[in-house]
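Participant: One file: coords_22.cif (mmCIF, N, CA and C atoms).
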```
data_data
loop_
_atom_site.label_atom_id
_atom_site.label_comp_id
_atom_site.auth_asym_id
_atom_site.auth_seq_id
_atom_site.Cartn_x
_atom_site.Cartn_y
_atom_site.Cartn_z
N MET A 1 19.32 9.22 -2.42
CA MET A 1 18.61 8.27 -1.58
C MET A 1 17.12 8.40 -1.84
N VAL A 2 16.44 7.29 -2.01
CA VAL A 2 15.00 7.28 -2.24
C VAL A 2 14.29 7.15 -0.90
N LYS A 3 13.34 8.02 -0.65
CA LYS A 3 12.56 7.97 0.59
C LYS A 3 11.39 7.01 0.38
N VAL A 4 11.23 6.05 1.28
CA VAL A 4 10.14 5.08 1.21
C VAL A 4 9.01 5.60 2.09
N ASN A 5 7.79 5.65 1.53
CA ASN A 5 6.66 6.12 2.32
C ASN A 5 5.62 5.05 2.56
N ALA A 6 5.91 3.81 2.21
CA ALA A 6 5.00 2.68 2.42
C ALA A 6 3.67 2.86 1.71
N ALA A 7 3.69 3.44 0.51
CA ALA A 7 2.46 3.58 -0.27
C ALA A 7 1.96 2.21 -0.65
N THR A 8 0.65 2.02 -0.56
CA THR A 8 0.03 0.75 -0.94
C THR A 8 -0.84 0.91 -2.17
N SER A 9 -0.71 2.05 -2.84
CA SER A 9 -1.46 2.27 -4.09
C SER A 9 -0.65 3.20 -4.98
N ALA A 10 -1.03 3.23 -6.23
CA ALA A 10 -0.47 4.22 -7.15
C ALA A 10 -1.06 5.58 -6.75
N PRO A 11 -0.33 6.67 -6.97
CA PRO A 11 -0.87 7.99 -6.61
C PRO A 11 -1.90 8.48 -7.62
N VAL A 12 -2.78 9.34 -7.14
CA VAL A 12 -3.77 10.03 -7.97
C VAL A 12 -3.63 11.51 -7.66
N ILE A 13 -3.64 12.37 -8.69
CA ILE A 13 -3.59 13.81 -8.47
C ILE A 13 -4.93 14.41 -8.85
N ALA A 14 -5.51 15.18 -7.92
CA ALA A 14 -6.79 15.86 -8.15
C ALA A 14 -6.78 17.17 -7.38
N ASN A 15 -7.19 18.24 -8.02
CA ASN A 15 -7.27 19.56 -7.38
C ASN A 15 -5.96 19.98 -6.70
N GLY A 16 -4.84 19.69 -7.34
CA GLY A 16 -3.54 20.10 -6.81
C GLY A 16 -3.05 19.27 -5.65
N GLN A 17 -3.74 18.19 -5.32
CA GLN A 17 -3.33 17.32 -4.22
C GLN A 17 -3.02 15.93 -4.76
N LEU A 18 -2.04 15.29 -4.17
CA LEU A 18 -1.71 13.91 -4.48
C LEU A 18 -2.35 13.04 -3.41
N TYR A 19 -3.05 11.99 -3.84
CA TYR A 19 -3.70 11.06 -2.92
C TYR A 19 -3.12 9.68 -3.15
N GLU A 20 -2.86 8.97 -2.05
CA GLU A 20 -2.44 7.58 -2.13
C GLU A 20 -2.78 6.91 -0.81
N THR A 21 -2.95 5.59 -0.86
CA THR A 21 -3.11 4.86 0.39
C THR A 21 -1.73 4.46 0.87
N ARG A 22 -1.59 4.40 2.21
CA ARG A 22 -0.30 4.07 2.81
C ARG A 22 -0.47 3.16 4.01
N LYS A 23 0.56 2.38 4.25
CA LYS A 23 0.66 1.57 5.46
C LYS A 23 1.32 2.42 6.53
N SER A 24 0.85 2.26 7.76
CA SER A 24 1.45 2.95 8.89
C SER A 24 1.30 2.05 10.12
N MET A 25 1.99 2.41 11.17
CA MET A 25 1.88 1.67 12.42
C MET A 25 1.29 2.59 13.48
N ALA A 26 0.39 2.04 14.29
CA ALA A 26 -0.17 2.74 15.45
C ALA A 26 0.13 1.82 16.64
N GLY A 27 1.26 2.07 17.28
CA GLY A 27 1.73 1.14 18.31
C GLY A 27 2.13 -0.15 17.64
N THR A 28 1.47 -1.25 18.01
CA THR A 28 1.77 -2.54 17.39
C THR A 28 0.78 -2.89 16.29
N GLU A 29 -0.23 -2.04 16.06
CA GLU A 29 -1.22 -2.31 15.02
C GLU A 29 -0.78 -1.78 13.67
N THR A 30 -0.99 -2.57 12.64
CA THR A 30 -0.72 -2.17 11.27
C THR A 30 -2.01 -1.56 10.73
N ILE A 31 -1.92 -0.35 10.18
CA ILE A 31 -3.10 0.32 9.64
C ILE A 31 -2.82 0.77 8.21
N GLU A 32 -3.89 1.01 7.47
CA GLU A 32 -3.80 1.55 6.12
C GLU A 32 -4.80 2.68 6.03
N GLY A 33 -4.39 3.77 5.40
CA GLY A 33 -5.29 4.91 5.27
C GLY A 33 -4.88 5.78 4.11
N LEU A 34 -5.58 6.86 3.95
CA LEU A 34 -5.36 7.78 2.85
C LEU A 34 -4.42 8.89 3.26
N ALA A 35 -3.45 9.19 2.40
CA ALA A 35 -2.52 10.31 2.62
C ALA A 35 -2.80 11.35 1.55
N ARG A 36 -2.80 12.62 1.97
CA ARG A 36 -2.97 13.74 1.02
C ARG A 36 -1.70 14.58 1.08
N VAL A 37 -1.15 14.87 -0.10
CA VAL A 37 0.11 15.60 -0.21
C VAL A 37 -0.05 16.70 -1.25
N ASP A 38 0.52 17.87 -1.00
CA ASP A 38 0.51 18.93 -2.00
C ASP A 38 1.34 18.45 -3.19
N ALA A 39 0.73 18.40 -4.36
CA ALA A 39 1.38 17.82 -5.54
C ALA A 39 2.61 18.60 -5.99
N LYS A 40 2.64 19.91 -5.76
CA LYS A 40 3.79 20.72 -6.20
C LYS A 40 4.88 20.83 -5.15
N GLN A 41 4.49 21.01 -3.90
CA GLN A 41 5.45 21.22 -2.83
C GLN A 41 5.92 19.93 -2.16
N GLY A 42 5.08 18.89 -2.23
CA GLY A 42 5.42 17.63 -1.60
C GLY A 42 5.15 17.57 -0.11
N ASN A 43 4.50 18.60 0.43
CA ASN A 43 4.21 18.65 1.86
C ASN A 43 2.94 17.87 2.19
N ALA A 44 2.98 17.15 3.29
CA ALA A 44 1.80 16.41 3.75
C ALA A 44 0.71 17.41 4.12
N ARG A 45 -0.50 17.13 3.72
CA ARG A 45 -1.64 18.01 4.03
C ARG A 45 -2.21 17.71 5.41
N ASP A 46 -2.05 16.49 5.87
CA ASP A 46 -2.56 16.07 7.17
C ASP A 46 -1.42 15.53 8.02
N LYS A 47 -1.56 15.66 9.37
CA LYS A 47 -0.54 15.14 10.27
C LYS A 47 -0.51 13.61 10.28
N ASP A 48 -1.66 13.01 10.06
CA ASP A 48 -1.79 11.56 10.15
C ASP A 48 -2.62 11.07 8.96
N LEU A 49 -2.63 9.78 8.75
CA LEU A 49 -3.47 9.20 7.70
C LEU A 49 -4.94 9.46 8.02
N ILE A 50 -5.73 9.65 6.97
CA ILE A 50 -7.17 9.82 7.15
C ILE A 50 -7.88 8.59 6.59
N ALA A 51 -9.13 8.41 6.96
CA ALA A 51 -9.93 7.26 6.49
C ALA A 51 -9.15 5.97 6.69
N LYS A 52 -8.61 5.78 7.87
CA LYS A 52 -7.74 4.64 8.13
C LYS A 52 -8.48 3.52 8.85
N SER A 53 -7.93 2.31 8.68
CA SER A 53 -8.48 1.15 9.36
C SER A 53 -7.37 0.12 9.56
N LYS A 54 -7.65 -0.88 10.40
CA LYS A 54 -6.69 -1.95 10.63
C LYS A 54 -6.39 -2.65 9.32
N ALA A 55 -5.15 -3.06 9.15
CA ALA A 55 -4.74 -3.75 7.92
C ALA A 55 -3.71 -4.82 8.26
N GLU A 56 -4.15 -5.82 9.00
CA GLU A 56 -3.25 -6.89 9.41
C GLU A 56 -2.64 -7.62 8.21
N TYR A 57 -3.34 -7.60 7.07
CA TYR A 57 -2.81 -8.26 5.87
C TYR A 57 -1.55 -7.57 5.35
N LEU A 58 -1.24 -6.36 5.82
CA LEU A 58 -0.03 -5.65 5.41
C LEU A 58 1.11 -5.82 6.40
N LYS A 59 0.87 -6.51 7.50
CA LYS A 59 1.90 -6.71 8.50
C LYS A 59 2.97 -7.64 7.95
N GLU A 60 4.21 -7.29 8.19
CA GLU A 60 5.33 -8.08 7.65
C GLU A 60 5.19 -9.54 8.04
N GLY A 61 5.26 -10.42 7.02
CA GLY A 61 5.17 -11.85 7.25
C GLY A 61 3.78 -12.37 7.57
N ASN A 62 2.74 -11.57 7.31
CA ASN A 62 1.38 -11.97 7.70
C ASN A 62 0.44 -11.98 6.50
N GLY A 63 0.48 -13.01 5.69
CA GLY A 63 -0.51 -13.15 4.63
C GLY A 63 -0.04 -12.75 3.25
N GLY A 64 1.14 -12.23 3.12
CA GLY A 64 1.68 -11.94 1.79
C GLY A 64 1.11 -10.71 1.12
N GLY A 65 0.41 -9.85 1.85
CA GLY A 65 -0.09 -8.59 1.28
C GLY A 65 -1.48 -8.66 0.70
N VAL A 66 -2.15 -9.76 0.89
CA VAL A 66 -3.54 -9.88 0.44
C VAL A 66 -4.36 -10.51 1.56
N ALA A 67 -5.64 -10.27 1.56
CA ALA A 67 -6.51 -10.78 2.62
C ALA A 67 -6.97 -12.21 2.29
N LEU A 68 -6.01 -13.10 2.06
CA LEU A 68 -6.27 -14.51 1.79
C LEU A 68 -5.39 -15.35 2.71
N SER A 69 -5.76 -16.60 2.89
CA SER A 69 -4.94 -17.48 3.70
C SER A 69 -3.60 -17.73 3.01
N ALA A 70 -2.60 -18.10 3.80
CA ALA A 70 -1.28 -18.42 3.23
C ALA A 70 -1.39 -19.56 2.22
N GLN A 71 -2.24 -20.53 2.50
CA GLN A 71 -2.44 -21.67 1.59
C GLN A 71 -3.02 -21.19 0.26
N ALA A 72 -4.00 -20.29 0.30
CA ALA A 72 -4.62 -19.78 -0.94
C ALA A 72 -3.61 -18.98 -1.76
N VAL A 73 -2.79 -18.17 -1.09
CA VAL A 73 -1.79 -17.36 -1.80
C VAL A 73 -0.73 -18.26 -2.43
N THR A 74 -0.28 -19.28 -1.69
CA THR A 74 0.70 -20.23 -2.24
C THR A 74 0.13 -20.91 -3.48
N SER A 75 -1.14 -21.28 -3.41
CA SER A 75 -1.80 -21.92 -4.55
C SER A 75 -1.87 -20.97 -5.74
N LEU A 76 -2.20 -19.69 -5.49
CA LEU A 76 -2.24 -18.70 -6.57
C LEU A 76 -0.86 -18.53 -7.21
N ASP A 77 0.16 -18.39 -6.37
CA ASP A 77 1.52 -18.24 -6.90
C ASP A 77 1.91 -19.44 -7.76
N SER A 78 1.62 -20.65 -7.27
CA SER A 78 1.95 -21.88 -8.01
C SER A 78 1.18 -21.96 -9.32
N SER A 79 -0.07 -21.49 -9.32
CA SER A 79 -0.91 -21.59 -10.53
C SER A 79 -0.39 -20.74 -11.68
N VAL A 80 0.45 -19.75 -11.37
CA VAL A 80 1.02 -18.92 -12.43
C VAL A 80 2.52 -19.19 -12.60
N GLY A 81 2.97 -20.34 -12.06
CA GLY A 81 4.34 -20.79 -12.32
C GLY A 81 5.39 -20.32 -11.33
N PHE A 82 4.98 -19.83 -10.15
CA PHE A 82 5.95 -19.37 -9.17
C PHE A 82 5.90 -20.22 -7.92
N GLY A 83 6.88 -21.13 -7.77
CA GLY A 83 7.05 -21.81 -6.49
C GLY A 83 7.64 -20.84 -5.50
N ALA A 84 8.48 -19.96 -6.05
CA ALA A 84 9.08 -18.86 -5.29
C ALA A 84 9.35 -17.73 -6.28
N ALA A 85 9.23 -16.53 -5.82
CA ALA A 85 9.47 -15.38 -6.70
C ALA A 85 10.96 -15.26 -7.02
N PRO A 86 11.31 -14.78 -8.22
CA PRO A 86 12.72 -14.57 -8.54
C PRO A 86 13.29 -13.43 -7.71
N PRO A 87 14.60 -13.44 -7.45
CA PRO A 87 15.22 -12.36 -6.67
C PRO A 87 14.94 -10.96 -7.23
N SER A 88 14.80 -10.85 -8.55
CA SER A 88 14.56 -9.54 -9.15
C SER A 88 13.21 -8.94 -8.75
N ALA A 89 12.31 -9.76 -8.19
CA ALA A 89 11.01 -9.25 -7.72
C ALA A 89 11.16 -8.42 -6.45
N LYS A 90 12.27 -8.58 -5.74
CA LYS A 90 12.58 -7.82 -4.52
C LYS A 90 11.45 -7.90 -3.48
N LEU A 91 10.91 -9.10 -3.31
CA LEU A 91 9.82 -9.26 -2.37
C LEU A 91 10.26 -9.10 -0.92
N ALA A 92 11.53 -9.31 -0.61
CA ALA A 92 12.00 -9.09 0.77
C ALA A 92 11.84 -7.61 1.14
N GLN A 93 12.19 -6.71 0.20
CA GLN A 93 12.01 -5.28 0.46
C GLN A 93 10.53 -4.91 0.53
N ALA A 94 9.72 -5.50 -0.34
CA ALA A 94 8.28 -5.23 -0.34
C ALA A 94 7.65 -5.73 0.96
N ASN A 95 8.11 -6.87 1.46
CA ASN A 95 7.59 -7.41 2.70
C ASN A 95 7.90 -6.48 3.87
N ALA A 96 9.12 -5.95 3.92
CA ALA A 96 9.49 -5.03 5.00
C ALA A 96 8.71 -3.72 4.91
N ALA A 97 8.46 -3.24 3.70
CA ALA A 97 7.77 -1.95 3.53
C ALA A 97 6.27 -2.04 3.71
N VAL A 98 5.62 -2.98 3.03
CA VAL A 98 4.16 -3.04 3.07
C VAL A 98 3.60 -4.44 3.27
N GLY A 99 4.42 -5.38 3.73
CA GLY A 99 3.91 -6.71 4.04
C GLY A 99 3.59 -7.57 2.84
N VAL A 100 4.12 -7.23 1.68
CA VAL A 100 3.88 -8.02 0.47
C VAL A 100 5.04 -8.99 0.31
N SER A 101 4.74 -10.29 0.42
CA SER A 101 5.81 -11.28 0.33
C SER A 101 5.52 -12.37 -0.70
N THR A 102 4.50 -12.18 -1.51
CA THR A 102 4.12 -13.18 -2.49
C THR A 102 3.90 -12.52 -3.85
N VAL A 103 3.98 -13.34 -4.89
CA VAL A 103 3.73 -12.83 -6.24
C VAL A 103 2.29 -12.32 -6.33
N ALA A 104 1.33 -13.10 -5.81
CA ALA A 104 -0.08 -12.68 -5.86
C ALA A 104 -0.28 -11.37 -5.10
N GLY A 105 0.39 -11.21 -3.98
CA GLY A 105 0.30 -9.96 -3.22
C GLY A 105 0.85 -8.78 -3.98
N ALA A 106 1.99 -8.98 -4.63
CA ALA A 106 2.60 -7.89 -5.42
C ALA A 106 1.71 -7.53 -6.60
N TRP A 107 1.17 -8.52 -7.28
CA TRP A 107 0.29 -8.24 -8.41
C TRP A 107 -0.97 -7.52 -7.98
N ALA A 108 -1.43 -7.76 -6.76
CA ALA A 108 -2.66 -7.12 -6.27
C ALA A 108 -2.52 -5.60 -6.20
N TYR A 109 -1.30 -5.10 -6.03
CA TYR A 109 -1.11 -3.65 -5.93
C TYR A 109 -0.96 -2.97 -7.28
N GLN A 110 -0.72 -3.72 -8.33
CA GLN A 110 -0.60 -3.10 -9.64
C GLN A 110 -1.95 -2.57 -10.07
N GLY A 111 -2.04 -1.27 -10.20
CA GLY A 111 -3.28 -0.65 -10.67
C GLY A 111 -4.20 -0.19 -9.56
N SER A 112 -3.94 -0.54 -8.29
CA SER A 112 -4.80 -0.03 -7.23
C SER A 112 -4.48 1.45 -7.03
N ARG A 113 -5.50 2.21 -6.66
CA ARG A 113 -5.26 3.63 -6.38
C ARG A 113 -6.43 4.23 -5.63
N ALA A 114 -6.15 5.31 -4.99
CA ALA A 114 -7.21 6.06 -4.31
C ALA A 114 -8.13 6.64 -5.39
N ALA A 115 -9.38 6.83 -5.06
CA ALA A 115 -10.34 7.41 -6.01
C ALA A 115 -10.85 8.73 -5.46
N VAL A 116 -10.95 9.73 -6.33
CA VAL A 116 -11.44 11.05 -5.94
C VAL A 116 -12.53 11.44 -6.92
N SER A 117 -13.68 11.86 -6.40
CA SER A 117 -14.78 12.32 -7.24
C SER A 117 -15.53 13.44 -6.54
N LYS A 118 -15.65 14.58 -7.20
CA LYS A 118 -16.37 15.74 -6.66
C LYS A 118 -15.85 16.14 -5.28
N GLY A 119 -14.54 16.09 -5.12
CA GLY A 119 -13.91 16.48 -3.88
C GLY A 119 -13.97 15.45 -2.78
N GLN A 120 -14.57 14.31 -3.03
CA GLN A 120 -14.67 13.24 -2.04
C GLN A 120 -13.71 12.12 -2.41
N PHE A 121 -13.18 11.44 -1.42
CA PHE A 121 -12.25 10.34 -1.67
C PHE A 121 -12.66 9.14 -0.87
#
```
When written as C-alpha cells, how does the structure in this file appear?

Facilitator:
Amino acid sequence: MVKVNAATSAPVIANGQLYETRKSMAGTETIEGLARVDAKQGNARDKDLIAKSKAEYLKEGNGGGVALSAQAVTSLDSSVGFGAAPPSAKLAQANAAVGVSTVAGAWAYQGSRAAVSKGQF
C-alpha cells in the first residue's frame, strides 16, 4: 500500500533531511507548508508543517490547483488540446489529494520543489 502525504512539490534532500511542500487541513482551512523528514529514517522532524499559509487553490474542486480563475485554467487546458484530461492522468485522485483537477494545474507541479540554501529554506 502506498501512503499518500499530499506533497505539493518534488522532494529535496539537504543535510540529511528531506524537504517538500505539503497540503494539510487546519479545521476547514486548506493550508500549504514545508515538511522536514529524516531522509534515512523517514521520521517527521516537526509535529506540524512549518512556514505554512492558506492555500485555497489546493482545496478540492477549487481552482484546479493553480491560483487562476476557472475560466483561465479551462482556456489554458484547451490551448494545449485538452477539453478534458484523459483518464490516465488520474486527475480525480490528484483533486482529492491536493486539489489539482486540471491539466494546467498538474503541469504546474512538475519541477516545483522546496529550496534550501545555507541551512535556510

Participant: When you draw a straight line from CA of Glu20 (chain A) to atom C of Ser88 (chain A), how long is it in Å?

Facilitator: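 It comes out at 23.7 Å.
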
Participant: Just give me the gap between CA of Lys47 (chain A) and CA of Val100 (chain A) in Å, one decimal is fine.

Facilitator: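 CA of Lys47 (chain A) sits 25.5 Å away from CA of Val100 (chain A).
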
Participant: For the file shown, report as a list in words the outcome of the PyMOL selection byres ((chain A and resi 48) around 8) at residue level.

Facilitator: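 Listing what the PyMOL selection byres ((chain A and resi 48) around 8) selects in the shown file: Gly33, Leu34, Ala35, Arg36, Ala44, Arg45, Asp46, Lys47, Leu49, Ile50 and Ala51 of chain A.
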
Participant: Just to confirm, what's the straight-line distance from atom N of Lys90 (chain A) to CA of Arg22 (chain A) in Å (one decimal)?

Facilitator: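 It comes out at 19.8 Å.
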
Participant: Specify the axis-aligned box that encloses all atoms of region 7-15 of chain A listed in the file after padding of 6 Å on each side, stating its centre and edge lengths in Å to one decimal as lines of an AutoDock Vina configuration file.

Facilitator:
```
center_x = -1.8
center_y = 10.4
center_z = -4.2
size_x = 23.0
size_y = 31.2
size_z = 21.4
```

Participant: Given the choices A:Gly99, A:Ala6, A:Glu29, A:Ala14, which gets closest to Leu58 (chain A) if the distance is worked out from only C-alpha atoms?

Facilitator: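 Selected residue with least distance to Leu58 (chain A): A:Gly99.
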
Participant: So which residues get picked by the PyMOL selection byres ((chain A and resi 32) around 5) here, written as a VMD selection string?

Facilitator: chain A and resid 22 to 24 30 to 31 33 to 34 52 to 55

Participant: Taking the backbone alone, and naming residues the way the document does, which bits of region 37-81 of chain A are helix (DSSP H, G or I) by DSSP, as a PyMOL selection string?

Facilitator: chain A and resi 56-58+70-79

Participant: Which residue out of A:Gly42, A:Val12, A:Lys59, A:Thr28 has the minimum interatomic distance to Ala96 (chain A) when all atoms listed in the file are used?

Facilitator: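 The closest residue to Ala96 (chain A) is A:Lys59.
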
Participant: Taking into account all atoms listed in the file, which residue in the set A:Val80, A:Ser117, A:Val37, A:Ala7 is nearest to Tyr19 (chain A)?

Facilitator: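 Of A:Val80, A:Ser117, A:Val37, A:Ala7, the one nearest Tyr19 (chain A) is A:Val37, counting all atoms listed in the file.
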
Participant: Can you tell me, as a PDB file with N, CA and C atoms, in the frame of the given file, what residues are no more than 12 Å from Pro86 (chain A) when counting only C-alpha atoms, ignoring any on the same chain fewer than 6 positions away?

Facilitator:
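File around_9.pdb, as written:
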```pdb
ATOM      1  N   ASP A  77       0.160 -18.390  -6.370  1.00  0.00           N
ATOM      2  CA  ASP A  77       1.520 -18.240  -6.900  1.00  0.00           C
ATOM      3  C   ASP A  77       1.910 -19.440  -7.760  1.00  0.00           C
ATOM      4  N   ALA A  92      11.530  -9.310  -0.610  1.00  0.00           N
ATOM      5  CA  ALA A  92      12.000  -9.090   0.770  1.00  0.00           C
ATOM      6  C   ALA A  92      11.840  -7.610   1.140  1.00  0.00           C
ATOM      7  N   SER A 101       4.740 -10.290   0.420  1.00  0.00           N
ATOM      8  CA  SER A 101       5.810 -11.280   0.330  1.00  0.00           C
ATOM      9  C   SER A 101       5.520 -12.370  -0.700  1.00  0.00           C
ATOM     10  N   THR A 102       4.500 -12.180  -1.510  1.00  0.00           N
ATOM     11  CA  THR A 102       4.120 -13.180  -2.490  1.00  0.00           C
ATOM     12  C   THR A 102       3.900 -12.520  -3.850  1.00  0.00           C
ATOM     13  N   VAL A 103       3.980 -13.340  -4.890  1.00  0.00           N
ATOM     14  CA  VAL A 103       3.730 -12.830  -6.240  1.00  0.00           C
ATOM     15  C   VAL A 103       2.290 -12.320  -6.330  1.00  0.00           C
TER      16      VAL A 103
END
```

Participant: Evaluate the PyMOL selection byres (((chain A and resi 17 and name CA) around 6) and name CA) against this structure - the residues, as a list of chain:residue names, please.

Facilitator: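 Applied to this file, the PyMOL selection byres (((chain A and resi 17 and name CA) around 6) and name CA) returns A:Ile13, A:Ala14, A:Asn15, A:Gly16, A:Leu18, A:Val37, A:Asp38, A:Ala39.
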
Participant: Of the residues A:Ala89, A:Ala26, A:Ala104, A:Tyr57, which is the one nearest to Leu76 (chain A), using only N, CA and C atoms?

Facilitator: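 Of A:Ala89, A:Ala26, A:Ala104, A:Tyr57, the one nearest Leu76 (chain A) is A:Ala104, counting only N, CA and C atoms.
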